[in-house]
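Q: Please read through the structure below; I'll follow up with questions.
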Amino acid sequence: MSSRHPLLIAAAAAGTAALLALTGCSSADSPSSGSSSGPVTITFWHEMAGPAATELTDLVDQFNKQEKGKITVKASFQGTYADVQTKYTASVQSGSTPDLLMMNDVSTGFMVDSKQTTPLSTFTAKDSSFDENTFPSVVRKYYAASSGGLAAMPFSVSQPVLYLNKSLVKKAGLDASKPPTTLTELATWASKIHSSTGAYGMTMNMSDSWMLEELSASGGQDFCTPDNGRGSDRVTGIDMTSGTQVAFLRELQALFTAGTALNPGTDPNVMTSSFASNKVGMMLTSTGAYTTADPTKKTSVVSSFPTTSTSTDAGAVVGGNALWISGKNHSDAQQNAAYAFASFLHSPEVQAEWANATGYLASNTDAADTTVGKKSLADPNVAAMYKQLSDTPASQAAAGCRTGAFPTVRATVIGAFNKIVEGADVTSSMKAAETKSAEQIAAYNTAAQ
Amino acid sequence: MTVSIRGRLRARPVSISAATTRSWLRADRRFGVALLVPAFAVFAVFVFYPLVKVFWLSMQGTDIFGQPAGFVGVKNYVTTFTDPEFGRTMAQTAIFCLAVVSGRILLGLLITIPLTVKLRGVPVFRALLTSPMVVSVSAASVAFAAMLAPGTGLLNSVITRFGGPAIPWLTSTRWALVSVVIVTVWGSIGFTVLLLLGAFSGIDADVIEAAHLDGAGAVRTLWSISLPLVTPTLFFVVVTGTVEALTTFGQIQILTGGGPAGSTTTLVYDIYQAAFGAASANFGLAAALGVVLFLLILALSLVQFGVLEKRVNY
Amino acid sequence: MRRSARSRIRATLLYAWLCAAVLVVCFPLYYIFVGALTPTAWLNRGLEGLIPIHLTLDNVIRATEVMPLGRQFLNSLAVTFAQTVLQVSIGIAAAYALVFCRLRGTRALFLVLLSSMMIPAETTLIANYLTVSSWHLIDTVPVVFLPFMASALTIFLFRQAFLSFPGELREAALLDGSGHLRFLFAMLLPITRPTLISVTLVSATAAWNGFFWPLLVTNSPENRTIQVGIAQLSSAEVNDVGVVLAGAAMVTLPVLLLVLLAQRFLAGGITAGALK
C-alpha cells in the first residue's frame, strides 16, 4: 500500500456525506459542512509516553507534512488510559470529543456502548484499498463490531511476555536460552535469582489486573462470565476462583511474601526502570515495554508468556490500543480526515516503524516484508513476540473479555491482588472481588441502557 | 465636593440635617447593595446553587457519561452505607485526619518552642523551618513520589545502603497511608510553625519574666504558662487542620491514586473516583458522598464557630 | 560559672536539635532544587548524586520539551492574577458594604457569608463541573478561576480589618465631605494595608497552588495549569527523576521568591486575620 493512498481516500470520501447519512451512523446529526474543501484540523488524543511518544510525534509530523494544506493533526498526550476514559466521558458531556481517540483494549466495550464513534467499517466499506486480512486474526476478533467488520482501527498490538535479565540469570547459574515456560518453573527461577544475586527474582505489571487476566487465559480460563462477553449476552460477572486461578495466585503470593518478587506499584514505568537497572531478574509485562526495559536490545531475553495449565484453549489475549473515529458532532470532513490519518498509521511502513520504535507488534502483517520490519525480525526477541502472536489459538479464553465496566473491574481485582501479595487469603479475597465486580458490572449495565 | 460615586449619583452640598442624613442613608444603601452584588452572585451560582444541586443529584441515577438519568430515591445512599468499603474509607479518613493533625501539632511545637528561645541565628532557623510553605501540594507530591519510588527511590537506596530493608512506601497497604501522612505533614509544617510562632510571640514577656522570678524553670513555665496561652492557636490548627486533612486530594492522587487496594482512599478521594475514576462517571453516587462530606464539615465548622465565637468579633 | 556552662550546654543541645530539624524539614526542598539541576544518571546513584557538582540546565530544557511547561506557567500566572484581583476587589467591596453602608440585615448577610465557608468545595465540585460543562467552558483557562472569583474568607478578613478602623477617623472623613471612594482609597486601604497585603498573598498562593479543580476542568496540555502539568510530567517521565524535579522547581521558585520578599506581611497578616 503506498503512502499516497490516504490522500486519495480523503479526496474520494469527501463527497460521501449522503452515503454516511444513509448508513444511519451518528454523523447524520452532526453540523456537517459536507464538501468543505478547506484545510481540516483534527484533534487526536493519545496516552503514549517516553520513546513511544517521541515516535508518535514523528509520525504525526510526517503525516502533517505529507498532507500539508489539507489535513493537520493536532496530537496531545492526555495521561493514562484511565485518565483519558474519564476525560473522554467529560468531553461527551460537553460535546467536545476529540476527532480521533486512541483507547486501550479493555475500553473497547465502553467505546462501543458510548455510541459516539463511527464504526471503522463505515469507512473501510468505501475504501477499496483497505484489506481486512492485513490484521492478525486475533486482533480482528478482538475489535470486531457487532455489525460486522471492525469497530475501530487497531493501532498498537501487544502481547504479554516474559523478560529475562541476561546478566542476573547468568549470575544465578541459569541458562537464558532455555527460559521457564510455566509459572511454576518461573517461580523456581525467581527464587534462584533472588537467593544467588540478591536482586529481586521477578516483577510484574500491577497497574491493573491485566497480568492476572493473562495468566487466566494462559490456563485456558475465561475471565468474564458468561462466555467472556463474546456470546450474545452481556457480561454479568468475573471468575477469579477456579482451580487454575487459585493455584497461580498462591504461587505468586509465595513469591511476594518471601520478598522474591518486587511489587512495583501502580506505575508500570517504575517496573521497567527497575528491570532496566538490573534490580529485577525477570518481568511479566507487555511487549510494548521492550524499548524502555532494554534500550540497547542486548541485555534481555524475551520469551513467551508462562502457561498456568496445559489446556488447549490456553493462549495470550492481545493488548494494545485502537483508534476510534468520533461521529457525533463531527463533520464528515473531520471524520474523513481522521480516517485518513488512521489509515496512514495502519500502512505497513508506519506499522513497521512503530513496532520497531516501541516494542508493540505490528497490526499490519505486511509490515514484516518492509525493510524496517525485516530488520526488526532479525532480533530474536522480536521474533519471539511475533511467534507468540501467531501461535495464539482463536479460543474464547484468548479472545479476552469485553464489558464496558472492565476498567472499574480491573481496579477491584488488582485491589484484591494487592492484599493477596501481602498475605491475605487467596480464595476469600478473590471471592470478595468477584462479588464487588458483579455489582459494578450490574451498575454499569443499568447505566448503559 | 469630592469625586465619589455617591457624589456623582447626586451632587449635593454637605450639611448635616435630618433630611440629608436620610437621603445619604438611602444612597449609602443603594451603593452598599451594588457592592455586595458581585460577591453574592458568585456565591449563589458557585456555592449555594451547586449545594442544592448536589442534594438533587444524590437522588438521581447516572448514565455512562455521568448525566442524571432519573429519580432513584435514596438508592445512592443505600449503596454507600451498605458497601463494606465505605466503612473502611471512613475509618481511613479518620485515621488520616487524626495522624496529620497530631503530627502537625506535635512537630509544630517541637520545632517552634526552641525557636522562641533567644539565641543567635534564630531568625535564620525560622526562615528555614517555615520554608516548606512555599512548596505546593503537587510539587511536594511529585518530589516525594520520586524519593519514595519502589525499586529506584532515593530513600530506599539510602536505607538499603545502611543495611536496612527496602520499605514498600507506596506499594504496600501497610505503608501507603503512612507515606501520604508524612508528605501531608511535611507540606503543612511550615505554615503550622508560622502560626505557632505568632502565638508564642504574642505572649506578654512580663508574664514569663514574672514566672521566672517566682523560680519557675523553663520547662515549667512552658508547660503551665506558655502552652495554655497558645491553646487558642492550637485549637485553630486542630479545626482548620482537620478540615484541610478531610479535603486532602492532590497528595493521594499523585502518590498512590487511592491504592494499593484502596488503602489510601479517603472520603474526598472516593468522591473523585465515583465521579471521575476509571470508567466510573457515577455522579449520583459521588453526590451522595459529597453530601456526607458536607455534613461532616458542617459539624466541624459549628464546633469551630461555637468555641471561637468569643474571639471572633461579629 | 556553672550556670553559664549549663546554659552553654543547653544552647548546644538546642542548636543540635534545630539543625536536625532543618535537615529533615529542608531536605525535600534541597532535593527539588539540586535534583532539578543534576543529571538523572547522578541522581540514580543515591545521596552522593545530590552533591551539587554536576549542575546543568538539561533537565529543565527536557521538562519543557515533554510538557509545555512554559505555556502552563503563563496559564498559572494568568489564573493567579485574575483570581487574586477579583477575590480582593470583590472582597473589599463586599466587606466595605457590610461595615460602612449601614445596610439593614447586615448580620443576616454576614451569616450567609459565614455559612458559605462551611460548604466544602469538594462537595459542590460535582455540580459546578456539570454547570461549567453545560456552558461549554471545559478545557479553557478562565474556567479555572471562574468559581473562585469571590472568597468568603477574603471578605471575612477584610471585614475584620475594617471593623477595627477607628470610628472617629470615619466621622472626620464624612464631615470633610469625602465620598465612599475617596474614603476607601485615601484612608481605609492605606491604614489597613497589612491586611490588604497579607490577604492578597494568601489569595495568590491559593490560586497558584490549585490542583483538584484545574485537573478536572482542563484537558489539553496547553490549557493546563503548571501544578497539573508537573503531576503529568511526573507520571510521563517517572524514570527521569531529574526532569520531574525540574518541573517541581519551576513551580516552587516563584512562590519562594514571593515569600522571601514578603515574609513579614505573610506572617503578621495570617495570624492577625485568623485569630483577632
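All residue names refer to the C-alpha cells as shown: chains lettered A, B, ... in order, residues numbered from 1 in each chain, ligands numbered from 1 in order.
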Would you give me, as a ChimeraX atom specification, the residues of chain C that come within 12 Å of chain A, using only C-alpha atoms?
A: /C:41,44-45,62,65-68,126,129-140,215-224,228-241
Q: How would you write, as a ChimeraX atom specification, the set of residues in range 35-241 of chain B that DSSP gives as alpha helix (DSSP H)?
A: /B:35-43,49-57,75-82,84-115,122-129,137-148,154-161,176-201,205-213,218-221,227-241
Q: Please produce a file of those selected residues containing C-alpha atoms, as a CSV table (one decimal), in the first residue's frame.
A:
```csv
chain,number,residue,atom,x,y,z
B,35,LEU,CA,-21.1,46.5,46.2
B,36,LEU,CA,-22.5,43.2,47.6
B,37,VAL,CA,-24.0,42.0,44.3
B,38,PRO,CA,-20.8,40.6,42.7
B,39,ALA,CA,-19.9,38.6,45.8
B,40,PHE,CA,-23.3,37.2,46.4
B,41,ALA,CA,-23.8,36.5,42.7
B,42,VAL,CA,-20.7,34.3,42.7
B,43,PHE,CA,-21.8,32.5,45.9
B,49,TYR,CA,-27.0,26.5,43.8
B,50,PRO,CA,-24.5,23.6,43.5
B,51,LEU,CA,-25.1,22.6,47.1
B,52,VAL,CA,-28.8,22.3,46.3
B,53,LYS,CA,-28.0,20.6,43.1
B,54,VAL,CA,-25.7,18.1,44.8
B,55,PHE,CA,-28.6,17.1,47.1
B,56,TRP,CA,-30.8,16.6,44.0
B,57,LEU,CA,-28.1,14.7,42.1
B,75,LYS,CA,-30.7,4.3,46.4
B,76,ASN,CA,-27.3,6.0,46.2
B,77,TYR,CA,-27.2,6.5,50.0
B,78,VAL,CA,-28.2,2.8,50.5
B,79,THR,CA,-25.4,1.8,48.1
B,80,THR,CA,-23.0,4.0,50.0
B,81,PHE,CA,-23.9,2.8,53.5
B,82,THR,CA,-24.2,-0.9,52.7
B,84,PRO,CA,-18.3,-2.5,53.4
B,85,GLU,CA,-15.6,-0.5,51.7
B,86,PHE,CA,-17.3,2.7,52.7
B,87,GLY,CA,-16.8,1.9,56.3
B,88,ARG,CA,-13.1,1.3,55.6
B,89,THR,CA,-12.9,4.5,53.7
B,90,MET,CA,-14.4,6.4,56.6
B,91,ALA,CA,-12.0,4.7,59.0
B,92,GLN,CA,-9.1,5.6,56.8
B,93,THR,CA,-10.3,9.2,56.6
B,94,ALA,CA,-10.5,9.4,60.4
B,95,ILE,CA,-7.0,7.8,60.9
B,96,PHE,CA,-5.6,10.1,58.2
B,97,CYS,CA,-7.0,13.3,59.8
B,98,LEU,CA,-6.0,12.2,63.3
B,99,ALA,CA,-2.5,11.4,62.2
B,100,VAL,CA,-2.0,14.6,60.2
B,101,VAL,CA,-3.4,16.9,62.8
B,102,SER,CA,-1.5,15.3,65.7
B,103,GLY,CA,1.7,15.2,63.6
B,104,ARG,CA,1.3,18.9,62.8
B,105,ILE,CA,0.7,19.9,66.4
B,106,LEU,CA,3.4,17.7,67.8
B,107,LEU,CA,6.1,18.5,65.3
B,108,GLY,CA,5.0,22.1,65.1
B,109,LEU,CA,5.5,22.5,68.9
B,110,LEU,CA,8.8,20.6,68.9
B,111,ILE,CA,10.1,23.0,66.2
B,112,THR,CA,8.5,26.2,67.4
B,113,ILE,CA,9.4,26.1,71.1
B,114,PRO,CA,13.2,26.1,70.5
B,115,LEU,CA,12.7,28.9,68.1
B,122,VAL,CA,17.2,32.0,65.4
B,123,PRO,CA,15.8,34.2,62.5
B,124,VAL,CA,17.7,32.1,60.0
B,125,PHE,CA,16.3,28.9,61.6
B,126,ARG,CA,12.8,30.4,61.5
B,127,ALA,CA,13.1,31.2,57.8
B,128,LEU,CA,14.4,27.7,57.0
B,129,LEU,CA,11.9,25.8,59.1
B,137,VAL,CA,0.9,20.1,47.2
B,138,SER,CA,1.6,18.9,43.7
B,139,ALA,CA,5.3,19.9,43.7
B,140,ALA,CA,5.8,18.2,47.1
B,141,SER,CA,3.9,15.1,46.0
B,142,VAL,CA,6.0,14.6,42.8
B,143,ALA,CA,9.2,15.1,44.7
B,144,PHE,CA,8.2,12.7,47.4
B,145,ALA,CA,6.9,10.2,44.8
B,146,ALA,CA,10.4,10.3,43.3
B,147,MET,CA,12.0,9.8,46.7
B,148,LEU,CA,9.7,7.0,47.8
B,154,LEU,CA,16.3,7.7,46.9
B,155,LEU,CA,15.1,6.9,50.4
B,156,ASN,CA,15.2,3.1,49.9
B,157,SER,CA,18.7,3.4,48.3
B,158,VAL,CA,19.9,5.1,51.5
B,159,ILE,CA,18.2,2.6,53.8
B,160,THR,CA,19.5,-0.4,52.0
B,161,ARG,CA,23.0,1.0,51.9
B,176,ALA,CA,1.0,3.8,51.8
B,177,LEU,CA,-1.3,5.8,54.1
B,178,VAL,CA,1.8,6.4,56.4
B,179,SER,CA,3.6,7.9,53.4
B,180,VAL,CA,0.7,10.1,52.4
B,181,VAL,CA,0.5,11.3,56.1
B,182,ILE,CA,4.3,12.1,56.0
B,183,VAL,CA,4.0,14.1,52.8
B,184,THR,CA,0.9,16.0,54.1
B,185,VAL,CA,2.5,16.8,57.5
B,186,TRP,CA,5.7,17.9,55.8
B,187,GLY,CA,3.7,20.1,53.4
B,188,SER,CA,1.8,21.9,56.2
B,189,ILE,CA,4.6,22.1,58.8
B,190,GLY,CA,5.9,25.4,57.6
B,191,PHE,CA,2.5,27.1,58.0
B,192,THR,CA,1.9,25.4,61.4
B,193,VAL,CA,5.2,26.7,62.7
B,194,LEU,CA,4.4,30.2,61.4
B,195,LEU,CA,1.1,30.2,63.2
B,196,LEU,CA,2.6,28.9,66.4
B,197,LEU,CA,5.4,31.4,66.3
B,198,GLY,CA,2.8,34.2,66.0
B,199,ALA,CA,1.0,32.8,69.0
B,200,PHE,CA,4.2,32.4,71.2
B,201,SER,CA,5.4,35.9,70.3
B,205,ALA,CA,7.0,39.0,78.1
B,206,ASP,CA,6.2,40.2,81.6
B,207,VAL,CA,4.2,37.1,82.4
B,208,ILE,CA,7.2,34.9,81.5
B,209,GLU,CA,9.5,37.2,83.4
B,210,ALA,CA,7.3,37.0,86.5
B,211,ALA,CA,7.2,33.3,86.3
B,212,HIS,CA,11.0,33.2,86.2
B,213,LEU,CA,11.2,35.5,89.2
B,218,ALA,CA,12.0,26.8,81.6
B,219,VAL,CA,10.0,23.6,81.3
B,220,ARG,CA,7.5,24.5,84.0
B,221,THR,CA,7.0,28.0,82.5
B,227,LEU,CA,1.2,26.4,76.4
B,228,PRO,CA,-2.1,27.4,78.0
B,229,LEU,CA,-1.7,30.8,76.4
B,230,VAL,CA,-1.3,29.4,72.9
B,231,THR,CA,-4.2,27.0,73.2
B,232,PRO,CA,-6.5,29.2,71.0
B,233,THR,CA,-4.0,28.9,68.2
B,234,LEU,CA,-3.6,25.2,68.8
B,235,PHE,CA,-7.3,24.8,68.7
B,236,PHE,CA,-7.4,26.8,65.4
B,237,VAL,CA,-4.8,24.5,64.0
B,238,VAL,CA,-6.8,21.4,65.1
B,239,VAL,CA,-10.0,22.6,63.5
B,240,THR,CA,-8.7,24.1,60.2
B,241,GLY,CA,-6.1,21.2,60.0
```
Q: In Å to one decimal, how far is CA of Met430 in chain A from CA of Thr241 in chain A?
A: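 CA of Thr241 in chain A sits 6.4 Å away from CA of Met430 in chain A.
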Q: When the cut-off is 6 Å and we count only C-alpha atoms, which residues of chain A are near chain B, given as a list in words?
A: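 Every residue meeting the condition is included here: Ala82, Thr86, Thr89, Pro264, Gly265, Ser274, Pro407, Thr408, Gly415, Asn418, Ala447 and Ala448 of chain A.
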Q: Can you tell me which residues surround range 183-192 of chain C at a distance of at most 10 Å, considering only C-alpha atoms, apart from same-chain residues fewer than 4 positions away, and format the answer as a list of chain:residue names?
A: B:Ser4, C:Ile92, C:Ala93, C:Tyr96, C:Phe158, C:Ala161, C:Phe162, C:Ser164, C:Phe165, C:Pro166, C:Leu169, C:Arg170, C:Ala173, C:Leu174, C:Gly177, C:Ser178, C:Gly179, C:Leu196, C:Ile197
Q: Just to be explicit: take each residue in the selection above, keep all heavy atoms, and write the result as a short mmCIF file (atom, residue, chain, number, x, y, z; two decimals), in the first residue's frame.
A:
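What landed in selection-v6.cif:
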```
data_model
loop_
_atom_site.label_atom_id
_atom_site.label_comp_id
_atom_site.auth_asym_id
_atom_site.auth_seq_id
_atom_site.Cartn_x
_atom_site.Cartn_y
_atom_site.Cartn_z
N SER B 4 -16.83 61.07 44.10
CA SER B 4 -17.19 59.78 44.66
C SER B 4 -18.43 59.30 43.94
O SER B 4 -19.11 60.08 43.27
CB SER B 4 -17.49 59.91 46.16
OG SER B 4 -18.76 60.49 46.30
N ILE C 92 -13.08 43.44 49.02
CA ILE C 92 -13.07 44.78 49.60
C ILE C 92 -14.46 45.40 49.45
O ILE C 92 -15.02 45.96 50.40
CB ILE C 92 -12.01 45.66 48.93
CG1 ILE C 92 -10.62 45.18 49.33
CG2 ILE C 92 -12.19 47.13 49.30
CD1 ILE C 92 -9.48 45.86 48.60
N ALA C 93 -15.03 45.26 48.27
CA ALA C 93 -16.34 45.85 48.01
C ALA C 93 -17.37 45.31 49.00
O ALA C 93 -18.09 46.06 49.66
CB ALA C 93 -16.77 45.56 46.58
N TYR C 96 -16.70 46.32 52.61
CA TYR C 96 -16.99 47.75 52.77
C TYR C 96 -18.50 47.94 52.95
O TYR C 96 -18.94 48.65 53.84
CB TYR C 96 -16.49 48.52 51.56
CG TYR C 96 -16.61 50.02 51.73
CD1 TYR C 96 -15.56 50.74 52.31
CD2 TYR C 96 -17.76 50.70 51.33
CE1 TYR C 96 -15.67 52.10 52.49
CE2 TYR C 96 -17.88 52.05 51.51
CZ TYR C 96 -16.83 52.76 52.09
OH TYR C 96 -16.94 54.11 52.27
N PHE C 158 -11.25 41.02 55.41
CA PHE C 158 -11.35 42.46 55.20
C PHE C 158 -12.33 43.08 56.19
O PHE C 158 -12.10 44.15 56.73
CB PHE C 158 -11.77 42.78 53.76
CG PHE C 158 -10.62 42.76 52.80
CD1 PHE C 158 -10.63 41.94 51.69
CD2 PHE C 158 -9.51 43.57 53.02
CE1 PHE C 158 -9.56 41.91 50.81
CE2 PHE C 158 -8.45 43.56 52.14
CZ PHE C 158 -8.47 42.72 51.03
N ALA C 161 -10.74 43.64 59.45
CA ALA C 161 -9.83 44.78 59.44
C ALA C 161 -10.63 46.09 59.43
O ALA C 161 -10.28 47.04 60.13
CB ALA C 161 -8.92 44.70 58.22
N PHE C 162 -11.69 46.14 58.64
CA PHE C 162 -12.46 47.37 58.53
C PHE C 162 -13.17 47.70 59.85
O PHE C 162 -13.33 48.84 60.23
CB PHE C 162 -13.51 47.28 57.41
CG PHE C 162 -12.91 47.22 56.03
CD1 PHE C 162 -13.69 46.98 54.91
CD2 PHE C 162 -11.53 47.43 55.84
CE1 PHE C 162 -13.14 46.93 53.64
CE2 PHE C 162 -10.97 47.38 54.58
CZ PHE C 162 -11.77 47.12 53.48
N SER C 164 -12.13 47.22 62.74
CA SER C 164 -11.23 47.80 63.73
C SER C 164 -10.76 49.19 63.31
O SER C 164 -9.94 49.79 63.96
CB SER C 164 -10.03 46.88 63.95
OG SER C 164 -9.33 46.74 62.75
N PHE C 165 -11.30 49.69 62.21
CA PHE C 165 -10.93 51.03 61.77
C PHE C 165 -11.56 52.06 62.72
O PHE C 165 -12.75 51.98 63.01
CB PHE C 165 -11.44 51.25 60.34
CG PHE C 165 -11.01 52.56 59.75
CD1 PHE C 165 -9.75 52.69 59.20
CD2 PHE C 165 -11.86 53.66 59.77
CE1 PHE C 165 -9.35 53.89 58.66
CE2 PHE C 165 -11.46 54.87 59.24
CZ PHE C 165 -10.20 54.98 58.68
N PRO C 166 -10.74 53.01 63.21
CA PRO C 166 -11.24 53.95 64.23
C PRO C 166 -12.46 54.74 63.75
O PRO C 166 -12.43 55.34 62.67
CB PRO C 166 -10.06 54.91 64.45
CG PRO C 166 -8.89 54.25 63.85
CD PRO C 166 -9.35 53.23 62.88
N LEU C 169 -12.07 58.58 62.89
CA LEU C 169 -11.48 58.90 61.59
C LEU C 169 -12.55 58.89 60.50
O LEU C 169 -12.58 59.74 59.62
CB LEU C 169 -10.38 57.90 61.24
CG LEU C 169 -9.03 58.17 61.91
CD1 LEU C 169 -8.04 57.08 61.58
CD2 LEU C 169 -8.50 59.53 61.46
N ARG C 170 -13.43 57.91 60.61
CA ARG C 170 -14.52 57.78 59.66
C ARG C 170 -15.43 59.01 59.73
O ARG C 170 -15.79 59.61 58.71
CB ARG C 170 -15.29 56.50 59.99
CG ARG C 170 -16.66 56.37 59.38
CD ARG C 170 -16.59 55.99 57.93
NE ARG C 170 -17.93 55.80 57.38
CZ ARG C 170 -18.27 56.10 56.14
NH1 ARG C 170 -17.38 56.62 55.32
NH2 ARG C 170 -19.49 55.89 55.70
N ALA C 173 -13.83 61.99 58.22
CA ALA C 173 -13.84 61.92 56.76
C ALA C 173 -15.20 62.33 56.22
O ALA C 173 -15.31 63.07 55.25
CB ALA C 173 -13.50 60.51 56.30
N LEU C 174 -16.25 61.87 56.91
CA LEU C 174 -17.60 62.21 56.47
C LEU C 174 -17.84 63.72 56.55
O LEU C 174 -18.36 64.34 55.64
CB LEU C 174 -18.63 61.49 57.34
CG LEU C 174 -18.95 60.06 56.93
CD1 LEU C 174 -20.06 59.50 57.80
CD2 LEU C 174 -19.36 60.02 55.46
N GLY C 177 -16.64 65.71 53.99
CA GLY C 177 -17.38 65.58 52.75
C GLY C 177 -16.76 64.59 51.80
O GLY C 177 -17.09 64.56 50.61
N SER C 178 -15.85 63.71 52.27
CA SER C 178 -15.30 62.76 51.30
C SER C 178 -16.33 61.66 51.03
O SER C 178 -17.05 61.22 51.93
CB SER C 178 -13.97 62.19 51.72
OG SER C 178 -13.90 61.95 53.06
N GLY C 179 -16.40 61.27 49.80
CA GLY C 179 -17.34 60.22 49.42
C GLY C 179 -16.74 58.86 49.72
O GLY C 179 -15.60 58.75 50.21
N LEU C 196 -4.43 44.10 53.66
CA LEU C 196 -4.55 44.05 52.20
C LEU C 196 -3.44 43.19 51.61
O LEU C 196 -3.70 42.30 50.78
CB LEU C 196 -4.48 45.48 51.65
CG LEU C 196 -4.61 45.61 50.14
CD1 LEU C 196 -5.99 45.16 49.70
CD2 LEU C 196 -4.35 47.04 49.70
N ILE C 197 -2.22 43.44 52.07
CA ILE C 197 -1.09 42.69 51.51
C ILE C 197 -1.17 41.22 51.86
O ILE C 197 -1.03 40.35 50.99
CB ILE C 197 0.24 43.29 51.99
CG1 ILE C 197 0.38 44.70 51.41
CG2 ILE C 197 1.42 42.41 51.58
CD1 ILE C 197 1.58 45.44 51.93
#
```
Q: In Å, rounded to a single decimal, give me how far CA of Gly229 in chain A is from CA of Phe248 in chain A.
A: 23.5 Å
Q: Pick out the closest residue to chain B from this set: C:Pro147, C:Gly49, C:Pro39, C:Gly242. Count only C-alpha atoms.
A: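 Looking only at the distances to chain B, the closest residue turns out to be C:Pro147.
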Q: Near range 249-264 of chain C, within 9 Å and counting only C-alpha atoms, which residues show up once chain neighbours fewer than 4 positions away are dropped, as a list in words?
A: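 The filter keeps Ala127, Ser131, Met133, Val134, Val135, Ser136, Ser138 and Ala139 of chain B; Leu29, Ile32, Phe33, Gly35, Ala36, Val60, Leu69, Phe73, Ile197, Ser198, Leu201, Thr205, Trp208, Asn209, Ile226, Gln227, Ile230, Val244, Leu245, Gly268 and Gly269 of chain C.
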Q: Restrict the selected residues to N, CA, C and O atoms and save them as a compact mmCIF listing (two decimals), in the first residue's frame.
A:
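Result file is result.txt:
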```txt
# COMPACT_ATOMS: atom_id res chain seq x y z
N ALA B 127 13.33 31.10 59.26
CA ALA B 127 13.09 31.18 57.81
C ALA B 127 13.20 29.78 57.20
O ALA B 127 12.35 29.37 56.40
N SER B 131 10.10 27.16 55.59
CA SER B 131 10.22 27.16 54.13
C SER B 131 9.34 26.15 53.38
O SER B 131 8.99 26.41 52.24
N MET B 133 6.47 25.87 53.37
CA MET B 133 5.28 26.62 53.00
C MET B 133 5.24 26.98 51.51
O MET B 133 4.18 27.10 50.93
N VAL B 134 6.42 27.16 50.93
CA VAL B 134 6.45 27.64 49.55
C VAL B 134 6.19 26.51 48.55
O VAL B 134 6.03 26.75 47.36
N VAL B 135 6.20 25.26 49.02
CA VAL B 135 6.06 24.14 48.09
C VAL B 135 4.59 23.76 47.97
O VAL B 135 3.93 23.49 48.98
N SER B 136 4.06 23.74 46.78
CA SER B 136 2.66 23.39 46.59
C SER B 136 2.47 21.89 46.80
O SER B 136 3.43 21.11 46.76
N SER B 138 1.25 19.78 44.82
CA SER B 138 1.61 18.92 43.70
C SER B 138 3.13 18.84 43.55
O SER B 138 3.66 17.77 43.25
N ALA B 139 3.85 19.94 43.81
CA ALA B 139 5.32 19.87 43.75
C ALA B 139 5.85 18.95 44.83
O ALA B 139 6.72 18.10 44.58
N LEU C 29 13.23 20.27 49.93
CA LEU C 29 13.43 21.48 49.13
C LEU C 29 14.78 21.43 48.41
O LEU C 29 14.90 21.76 47.23
N ILE C 32 14.56 19.04 45.59
CA ILE C 32 13.87 19.59 44.42
C ILE C 32 14.82 20.47 43.61
O ILE C 32 14.99 20.28 42.40
N PHE C 33 15.50 21.40 44.29
CA PHE C 33 16.29 22.38 43.53
C PHE C 33 17.60 21.81 43.02
O PHE C 33 17.98 22.05 41.87
N GLY C 35 18.21 18.56 42.62
CA GLY C 35 17.81 17.49 41.70
C GLY C 35 17.42 18.04 40.33
O GLY C 35 17.71 17.44 39.30
N ALA C 36 16.79 19.22 40.36
CA ALA C 36 16.36 19.83 39.10
C ALA C 36 17.56 20.15 38.22
O ALA C 36 17.45 20.17 36.99
N VAL C 60 15.76 20.95 32.94
CA VAL C 60 14.74 21.98 32.76
C VAL C 60 14.35 22.03 31.28
O VAL C 60 13.16 22.08 30.94
N LEU C 69 5.55 23.37 29.65
CA LEU C 69 5.56 23.97 30.99
C LEU C 69 5.59 25.50 30.94
O LEU C 69 5.04 26.16 31.81
N PHE C 73 2.98 27.61 32.75
CA PHE C 73 3.42 28.59 33.72
C PHE C 73 2.65 29.90 33.51
O PHE C 73 2.14 30.50 34.46
N ILE C 197 -2.22 43.44 52.07
CA ILE C 197 -1.09 42.69 51.51
C ILE C 197 -1.17 41.22 51.86
O ILE C 197 -1.03 40.35 50.99
N SER C 198 -1.46 40.93 53.14
CA SER C 198 -1.44 39.52 53.52
C SER C 198 -2.60 38.76 52.85
O SER C 198 -2.42 37.63 52.40
N LEU C 201 -1.61 38.07 49.36
CA LEU C 201 -0.64 36.97 49.29
C LEU C 201 -1.32 35.62 49.49
O LEU C 201 -1.03 34.65 48.77
N THR C 205 -1.40 32.76 46.66
CA THR C 205 -0.79 31.45 46.88
C THR C 205 -1.82 30.35 46.65
O THR C 205 -1.54 29.35 46.00
N TRP C 208 -2.40 30.00 42.93
CA TRP C 208 -1.24 29.38 42.28
C TRP C 208 -1.21 27.88 42.55
O TRP C 208 -0.87 27.08 41.69
N ASN C 209 -1.57 27.49 43.79
CA ASN C 209 -1.43 26.09 44.19
C ASN C 209 -2.62 25.21 43.81
O ASN C 209 -2.59 24.02 44.06
N ILE C 226 0.24 24.86 35.65
CA ILE C 226 1.53 24.17 35.82
C ILE C 226 1.49 23.15 36.94
O ILE C 226 2.21 22.15 36.91
N GLN C 227 0.62 23.35 37.94
CA GLN C 227 0.53 22.36 39.02
C GLN C 227 0.08 21.01 38.46
O GLN C 227 0.60 19.96 38.82
N ILE C 230 2.96 19.50 36.15
CA ILE C 230 4.07 18.74 36.73
C ILE C 230 3.61 17.38 37.24
O ILE C 230 4.38 16.43 37.22
N VAL C 244 11.52 15.37 36.38
CA VAL C 244 10.36 15.56 37.25
C VAL C 244 10.65 16.66 38.28
O VAL C 244 9.83 17.56 38.51
N LEU C 245 11.87 16.62 38.84
CA LEU C 245 12.22 17.62 39.84
C LEU C 245 12.36 19.00 39.21
O LEU C 245 12.08 20.02 39.85
N GLY C 268 2.55 38.22 59.76
CA GLY C 268 1.70 39.11 60.54
C GLY C 268 0.25 38.97 60.12
O GLY C 268 -0.63 38.78 60.95
N GLY C 269 0.01 39.05 58.84
CA GLY C 269 -1.36 39.09 58.33
C GLY C 269 -2.14 37.84 58.61
O GLY C 269 -3.28 37.92 59.05
```
Q: Mind listing the strand (DSSP E) residues of range 21-212 of chain B, per DSSP on the backbone, as number ranges by chain?
A: B: 60-62, 68-71
Q: Would you compute the distance between CA of Tyr163 in chain A and CA of Glu422 in chain A? Give it in Å to one decimal.
A: 24.0 Å
Q: Counting only C-alpha atoms, what is within 9 Å of Thr123 in chain C, bar same-chain residues fewer than 2 positions away, as a PyMOL selection string?
A: (chain B and resi 50-51+54+268+271+286-287+289-294) or (chain C and resi 119-121+125-127)
Q: Name the residues in contact with Ser191 in chain A at a cut-off of 7 Å, using only C-alpha atoms, excluding same-chain residues fewer than 3 positions from it; report them as a list in words.
A: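 Once the adjacent positions are removed, what remains is Ala187, Thr188, His194, Ser195, Gly201 and Thr260 of chain A.
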